[in-house]
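Student: Hey, dropping structure_5.csv in here, CSV, C-alpha atoms:
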```csv
chain,number,residue,atom,x,y,z
A,1,GLY,CA,0.8,2.5,27.1
A,2,ASP,CA,2.8,1.9,24.0
A,3,SER,CA,2.2,4.2,21.0
A,4,VAL,CA,3.7,5.0,17.6
A,5,THR,CA,3.4,8.3,15.9
A,6,GLN,CA,4.0,8.4,12.2
A,7,MET,CA,4.3,11.1,9.7
A,8,GLU,CA,0.9,12.0,8.2
A,9,GLY,CA,0.5,11.3,4.5
A,10,PRO,CA,0.0,11.0,1.7
A,11,VAL,CA,3.5,11.6,0.4
A,12,THR,CA,4.0,12.0,-3.4
A,13,LEU,CA,7.5,12.0,-4.8
A,14,SER,CA,9.1,11.8,-8.2
A,15,GLU,CA,11.2,8.8,-9.1
A,16,GLU,CA,14.7,8.9,-7.8
A,17,ALA,CA,13.8,11.4,-5.0
A,18,PHE,CA,14.9,11.0,-1.4
A,19,LEU,CA,12.4,9.6,1.0
A,20,THR,CA,12.0,10.1,4.7
A,21,ILE,CA,9.0,8.9,6.7
A,22,ASN,CA,9.2,10.0,10.3
A,23,CYS,CA,8.3,7.7,13.2
A,24,THR,CA,8.6,8.2,16.9
A,25,TYR,CA,7.4,6.0,19.7
A,26,THR,CA,6.5,5.7,23.3
A,27,ALA,CA,7.2,2.5,25.2
A,28,THR,CA,8.5,1.2,28.4
A,29,GLY,CA,11.7,-0.7,28.4
A,30,TYR,CA,13.5,-1.6,25.2
A,31,PRO,CA,11.1,-2.3,22.4
A,32,SER,CA,11.8,-3.9,19.0
A,33,LEU,CA,11.0,-1.6,16.1
A,34,PHE,CA,9.7,-2.5,12.7
A,35,TRP,CA,8.7,-1.1,9.4
A,36,TYR,CA,6.0,-2.9,7.5
A,37,VAL,CA,4.9,-2.2,3.9
A,38,GLN,CA,1.5,-2.9,2.3
A,39,TYR,CA,1.3,-3.0,-1.4
A,40,PRO,CA,-2.1,-2.5,-3.0
A,41,GLY,CA,-4.4,-5.5,-2.5
A,42,GLU,CA,-1.8,-7.3,-0.4
A,43,GLY,CA,-1.1,-8.0,3.3
A,44,LEU,CA,1.5,-6.4,5.6
A,45,GLN,CA,5.0,-7.4,4.8
A,46,LEU,CA,8.0,-6.9,7.1
A,47,LEU,CA,10.4,-4.4,5.4
A,48,LEU,CA,13.0,-4.1,8.1
A,49,LYS,CA,13.5,-4.2,11.9
A,50,ALA,CA,15.9,-3.2,14.7
A,51,THR,CA,15.9,-4.8,18.1
A,52,LYS,CA,18.2,-2.6,20.1
A,53,ALA,CA,19.5,1.0,20.3
A,54,ASP,CA,21.7,2.1,17.4
A,55,ASP,CA,20.9,-0.9,15.3
A,56,LYS,CA,20.2,-0.1,11.7
A,57,GLY,CA,17.7,-2.2,9.8
A,58,SER,CA,18.0,-2.3,6.0
A,59,ASN,CA,16.3,-4.0,3.1
A,60,LYS,CA,15.6,-3.2,-0.6
A,61,GLY,CA,17.5,0.1,-0.2
A,62,PHE,CA,15.4,1.3,2.7
A,63,GLU,CA,17.1,2.0,6.1
A,64,ALA,CA,16.0,3.0,9.6
A,65,THR,CA,18.1,3.5,12.7
A,66,TYR,CA,16.9,2.8,16.2
A,67,ARG,CA,17.5,6.1,18.1
A,68,LYS,CA,16.8,5.6,21.8
A,69,GLU,CA,17.8,9.2,22.7
A,70,THR,CA,15.1,10.6,20.3
A,71,THR,CA,12.8,7.6,20.5
A,72,SER,CA,12.7,7.5,16.7
A,73,PHE,CA,12.9,5.1,13.9
A,74,HIS,CA,12.7,7.1,10.7
A,75,LEU,CA,12.5,5.3,7.4
A,76,GLU,CA,14.8,6.5,4.6
A,77,LYS,CA,15.6,5.6,1.0
A,78,GLY,CA,18.0,7.5,-1.2
A,79,SER,CA,16.3,7.0,-4.5
A,80,VAL,CA,12.7,5.8,-4.7
A,81,GLN,CA,11.1,3.9,-7.6
A,82,VAL,CA,7.6,3.7,-8.8
A,83,SER,CA,7.4,0.2,-7.5
A,84,ASP,CA,7.9,1.6,-3.9
A,85,SER,CA,4.4,3.0,-4.0
A,86,ALA,CA,2.6,1.5,-1.0
A,87,VAL,CA,1.5,2.2,2.5
A,88,TYR,CA,4.3,2.1,5.1
A,89,PHE,CA,3.6,1.3,8.8
A,90,CYS,CA,6.0,1.9,11.7
A,91,ALA,CA,5.4,-0.6,14.6
A,92,LEU,CA,6.9,-1.6,17.9
A,93,ARG,CA,6.8,-4.7,20.1
A,94,SER,CA,7.5,-4.2,23.8
A,95,SER,CA,9.8,-6.4,25.6
A,96,GLY,CA,8.3,-9.8,25.9
A,97,SER,CA,8.6,-10.8,22.3
A,98,ALA,CA,5.4,-12.9,22.2
A,99,ARG,CA,3.4,-9.7,22.6
A,100,GLN,CA,1.5,-8.0,20.0
A,101,LEU,CA,2.7,-5.2,17.6
A,102,THR,CA,1.6,-1.6,18.1
A,103,PHE,CA,1.3,0.2,14.8
A,104,GLY,CA,1.4,3.7,13.6
A,105,SER,CA,-1.3,5.1,11.4
A,106,GLY,CA,0.5,4.4,8.1
A,107,THR,CA,1.9,6.7,5.4
A,108,GLN,CA,0.7,6.3,1.8
A,109,LEU,CA,3.6,6.8,-0.6
A,110,THR,CA,3.1,7.5,-4.3
A,111,VAL,CA,6.1,7.6,-6.6
A,112,LEU,CA,5.5,9.2,-10.0
A,113,PRO,CA,7.5,8.4,-13.0
B,1,GLU,CA,7.8,-19.0,0.6
B,2,PRO,CA,5.2,-20.1,3.2
B,3,GLU,CA,2.1,-17.9,3.5
B,4,VAL,CA,-0.6,-17.1,5.9
B,5,THR,CA,-3.9,-17.5,4.0
B,6,GLN,CA,-7.1,-15.7,4.8
B,7,THR,CA,-10.5,-16.4,3.5
B,8,PRO,CA,-12.7,-14.8,2.2
B,9,SER,CA,-10.9,-11.8,0.8
B,10,HIS,CA,-14.1,-9.8,1.1
B,11,GLN,CA,-17.3,-10.5,3.0
B,12,VAL,CA,-20.5,-8.4,3.1
B,13,THR,CA,-22.9,-9.2,6.0
B,14,GLN,CA,-26.0,-7.7,7.4
B,15,MET,CA,-25.9,-6.0,10.8
B,16,GLY,CA,-26.7,-8.5,13.6
B,17,GLN,CA,-25.4,-11.5,11.6
B,18,GLU,CA,-22.6,-13.7,12.8
B,19,VAL,CA,-19.5,-13.9,10.7
B,20,ILE,CA,-16.5,-16.2,10.8
B,21,LEU,CA,-13.2,-15.1,9.3
B,22,ARG,CA,-10.8,-17.8,8.5
B,23,CYS,CA,-7.0,-18.0,8.6
B,24,VAL,CA,-4.6,-20.8,7.9
B,25,PRO,CA,-1.3,-19.9,9.6
B,26,ILE,CA,2.1,-21.3,8.6
B,27,SER,CA,2.2,-24.9,9.6
B,28,ASN,CA,5.0,-24.8,12.2
B,29,HIS,CA,4.0,-21.5,13.8
B,30,LEU,CA,2.9,-21.4,17.4
B,31,TYR,CA,1.8,-17.8,18.0
B,32,PHE,CA,-1.3,-16.4,16.3
B,33,TYR,CA,-2.8,-12.9,16.2
B,34,TRP,CA,-5.8,-11.0,14.8
B,35,TYR,CA,-5.6,-7.3,14.0
B,36,ARG,CA,-8.0,-5.0,12.4
B,37,GLN,CA,-7.8,-1.8,10.4
B,38,ILE,CA,-10.8,0.5,10.1
B,39,LEU,CA,-10.6,2.4,6.8
B,40,GLY,CA,-8.1,5.3,7.2
B,41,GLN,CA,-7.2,4.4,10.7
B,42,LYS,CA,-4.4,2.5,12.5
B,43,VAL,CA,-3.9,-1.2,12.5
B,44,GLU,CA,-5.2,-2.3,15.9
B,45,PHE,CA,-4.4,-5.4,17.9
B,46,LEU,CA,-7.4,-7.6,18.8
B,47,VAL,CA,-6.1,-10.9,20.3
B,48,SER,CA,-3.2,-13.2,20.5
B,49,PHE,CA,-3.4,-16.9,20.9
B,50,TYR,CA,-0.8,-19.4,22.1
B,51,ASN,CA,-0.9,-23.0,23.3
B,52,ASN,CA,-4.6,-23.2,22.5
B,53,GLU,CA,-5.6,-20.3,24.6
B,54,ILE,CA,-5.9,-16.5,24.4
B,55,SER,CA,-2.7,-15.0,25.8
B,56,GLU,CA,-3.8,-11.3,25.4
B,57,LYS,CA,-6.7,-9.3,24.1
B,58,SER,CA,-7.4,-5.7,23.6
B,59,GLU,CA,-10.4,-3.6,24.8
B,60,ILE,CA,-11.9,-4.0,21.3
B,61,PHE,CA,-12.1,-7.8,21.8
B,62,ASP,CA,-15.3,-7.9,23.8
B,63,ASP,CA,-17.8,-10.6,24.3
B,64,GLN,CA,-19.0,-10.3,20.7
B,65,PHE,CA,-15.6,-11.7,19.5
B,66,SER,CA,-14.2,-15.2,19.9
B,67,VAL,CA,-11.3,-17.1,18.4
B,68,GLU,CA,-10.7,-20.8,17.8
B,69,ARG,CA,-8.2,-23.2,16.5
B,70,PRO,CA,-10.6,-26.0,15.8
B,71,ASP,CA,-8.5,-28.5,13.9
B,72,GLY,CA,-4.8,-27.6,14.5
B,73,SER,CA,-4.5,-25.8,11.2
B,74,ASN,CA,-7.3,-23.1,11.0
B,75,PHE,CA,-7.4,-20.1,13.2
B,76,THR,CA,-10.8,-18.4,13.1
B,77,LEU,CA,-12.2,-15.1,14.4
B,78,LYS,CA,-16.0,-15.1,15.0
B,79,ILE,CA,-18.0,-12.0,15.5
B,80,ARG,CA,-21.3,-13.0,17.0
B,81,SER,CA,-23.6,-10.1,16.1
B,82,THR,CA,-22.0,-7.7,13.8
B,83,LYS,CA,-22.3,-3.9,14.1
B,84,LEU,CA,-21.7,-1.3,11.4
B,85,GLU,CA,-18.5,-0.2,13.2
B,86,ASP,CA,-17.1,-3.7,12.8
B,87,SER,CA,-16.5,-2.9,9.1
B,88,ALA,CA,-12.8,-3.1,8.7
B,89,MET,CA,-9.9,-5.1,7.2
B,90,TYR,CA,-9.1,-8.0,9.5
B,91,PHE,CA,-5.5,-9.3,9.4
B,92,CYS,CA,-4.3,-12.6,10.7
B,93,ALA,CA,-0.7,-13.1,11.6
B,94,SER,CA,1.5,-15.9,12.9
B,95,LYS,CA,5.0,-16.6,14.0
B,96,ALA,CA,7.1,-19.6,14.9
B,97,GLU,CA,8.6,-18.6,18.2
B,98,GLN,CA,9.6,-15.7,20.4
B,99,GLY,CA,12.0,-13.4,18.7
B,100,GLN,CA,10.9,-14.4,15.2
B,101,SER,CA,9.1,-12.0,12.9
B,102,ASP,CA,5.4,-12.1,12.2
B,103,THR,CA,3.9,-13.2,8.9
B,104,PHE,CA,0.7,-11.5,7.9
B,105,GLY,CA,-2.1,-12.7,5.7
B,106,SER,CA,-3.5,-10.4,3.0
B,107,GLY,CA,-6.6,-9.7,5.0
B,108,THR,CA,-10.4,-10.0,4.9
B,109,ARG,CA,-12.3,-6.9,4.2
B,110,LEU,CA,-15.5,-7.1,6.2
B,111,THR,CA,-18.4,-4.8,5.3
B,112,VAL,CA,-21.4,-4.6,7.6
B,113,VAL,CA,-24.5,-3.1,6.0
```
Starting from the file, give its structure as structure tokens.

Tutor:
Amino acid sequence: GDSVTQMEGPVTLSEEAFLTINCTYTATGYPSLFWYVQYPGEGLQLLLKATKADDKGSNKGFEATYRKETTSFHLEKGSVQVSDSAVYFCALRSSGSARQLTFGSGTQLTVLP
Amino acid sequence: EPEVTQTPSHQVTQMGQEVILRCVPISNHLYFYWYRQILGQKVEFLVSFYNNEISEKSEIFDDQFSVERPDGSNFTLKIRSTKLEDSAMYFCASKAEQGQSDTFGSGTRLTVV
């Protein structure tokens, strides 16, 4: 079945540091890939997505590239801010886009001033 | 921006009691989902709902669980006889159509004592 493996946390960085959160997946066919973010006390918000191989999703300075050859969708940001402190979830949706999302375990990011 | 609204934000119930978690999806959305997240674990799919019926459900969604869309606006998750292991954050999500992104509510934290 589908699965998402995400870098274990928590991750603590200083402001302006470079961020990478690793995500790899197992799925049949050609899934769509997502990063969701959960700020304290809030729901899951879509951060970015990519629907086919070599697509790059980007939003708010975050980027992730759909790499089919390595089945990966690593999240990166060049310079993190304190306001980026949140839990980040990698997720996929298999072909058949009404289907449910399969999530990774989440990575807690704390950015210190 | 339209929101998915979940109530209550936190519910405490005694083991064996019935609980109903409520969600108001975005008004023109057609696909509805429930997920749960046990503390420290992955976000897990429970059930999807489309065209007034369940379209998929996971192994977690056993006979103790049911969903309803009683009045065309609310989307409820009922747990008939709660167990301690049902304690989790429950997220509702909806989307307008295939290919669109899901919008999540902020969750209901259910604590079974």

Student: Could you state the separation of atom CA of Trp34 of chain B and atom CA of Lys57 of chain B in Å, given to one decimal place?

Tutor: 9.5 Å

Student: I need the contact residues of chain B against chain A, so if you could list those with any atom within 10 Å, counting all atoms listed in the file, and return them as number ranges by chain, that would help.

Tutor: B: 4-6, 9, 31-35, 37, 40-50, 55-58, 91-93, 95, 97-108

Student: Which distance in Å separates atom CA of Ala96 of chain B and atom CA of Leu30 of chain B, to one decimal?

Tutor: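 Atom-to-atom, atom CA of Ala96 of chain B and atom CA of Leu30 of chain B are spaced 5.2 Å apart.
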
Student: Which residues are near segment 61-70 of chain A? Cut-off 8 Å, all atoms listed in the file, ignore same chain within fewer than 2 positions. Put them as a list in words.

Tutor: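 Once the nearby chain positions are removed, what remains is Thr24, Leu33, Leu48, Lys49, Ala50, Thr51, Lys52, Ala53, Asp54, Asp55, Lys56, Gly57, Ser58, Asn59, Ser72, Phe73, His74, Leu75, Glu76, Lys77 and Gly78 of chain A.
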
Student: Go through B:Asn74, B:Thr111, B:Thr82, B:Ser87 and flag the residue nearest Thr7 of chain B, using all atoms listed in the file for the distances.

Tutor: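 Among B:Asn74, B:Thr111, B:Thr82, B:Ser87, it is B:Asn74 that comes nearest to Thr7 of chain B.
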
Student: What is the distance between atom CA of Ile38 of chain B and atom CA of Ile79 of chain B, in Å to one decimal?

Tutor: 15.4 Å

Student: Please determine the residues with any atom at most 7 Å from (-6.3, -20.5, 13.5) (coordinates as given in the file, with only C-alpha atoms counting) and report them as a list in words.

Tutor: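 The requested residues, written out, are Cys23, Val24, Pro25, Glu68, Arg69, Ser73, Asn74, Phe75 and Thr76 of chain B.
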
Student: Every residue with an atom at most 7 Å from (6.5, 10.6, 9.4) (file coordinates; all atoms listed in the file) is what I'm after, so could you write them as a PyMOL selection string?

Tutor: chain A and resi 6-8+21-23

Student: From the set A:Ser14, A:Ser95, A:Thr107, A:Thr20, which residue has the shortest atom-to-atom contact distance to Ser83 of chain A, counting only C-alpha atoms?

Tutor: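 Smallest separation from Ser83 of chain A among the options: A:Ser14.
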